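What follows is a single structure, written as structure tokens, with notes after it.
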Amino acid sequence: SKYMTAIQQTSLFAYQQIQPTLSDRQQEVYNYLKHTEATNKEIARAFGLDSCSITGRMKELREMGLVDEESPKRPCKISGKTAIAWRLK
């Protein structure tokens with residue numbers, strides 16, 4: 001759709017304001033989530049990293065108000081265990 005909702009516009013504005021302060025890894029994860037929702041392990045695999053290196057970035061992005069948990073939790077495509085999948089706000 002060519003029209004953004006007020007929430008999308010607010011999220012875009014928030015992102016544009018905070019973008020210069022994102023670390024390289026935060027920026028990579030944010031850009032990845034533009035195209036899909038994903039668990040920490042799925043994001044880690046996409047970047048060839050251990051999931052513990054993603055966990056902190058997700059906490060930071062959540063505290064910045066840029067990501068949120070997809071609801072309900074779902075099976076992780078890597079572990080098969082029920083996990084939080086992240087999405088952009």
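Each chain in the structure tokens gets a letter, A, B, ..., in the order shown, and its residues are numbered from 1; ligands are numbered from 1 in order too.
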**Study point:** Long-range neighbours of stretch 41-52 of chain A as an NGL selection string, 9 Å cut-off, only C-alpha atoms, 6 positions minimum in chain
**Key:** :A and (28-29 or 32-33 or 76-79 or 85)
Review point. Using only C-alpha atoms, which residue out of A:Asn40, A:Gln27, A:His35, A:Leu88 lies closest to A:Val67?
Key: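 When distances to A:Val67 are compared using only C-alpha atoms, the smallest one comes from A:Leu88.
Taking only C-alpha atoms into account, A:Gly56 lies nearest to A:Gln26 out of the set A:Gln26, A:Thr82, A:Thr36, A:Asn31.
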Revision key, fill the gap. Of A:Arg25, A:Lys89, A:Ile54, A:Thr39, the one sitting nearest A:Lys73 when using only C-alpha atoms is A:Thr39
Exercise for review: Could you jot down the atom CA of A:Glu37 to atom CA of A:Leu66 separation for me, Å, one decimal place?
Suggested key: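 So the two atoms, atom CA of A:Glu37 and atom CA of A:Leu66, lie 12.9 Å apart.
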Point to revise | All strand (DSSP E) residues (DSSP, backbone) inside stretch 28-80 of chain A, as a PyMOL selection string | key: chain A and resi 67-69+74-75
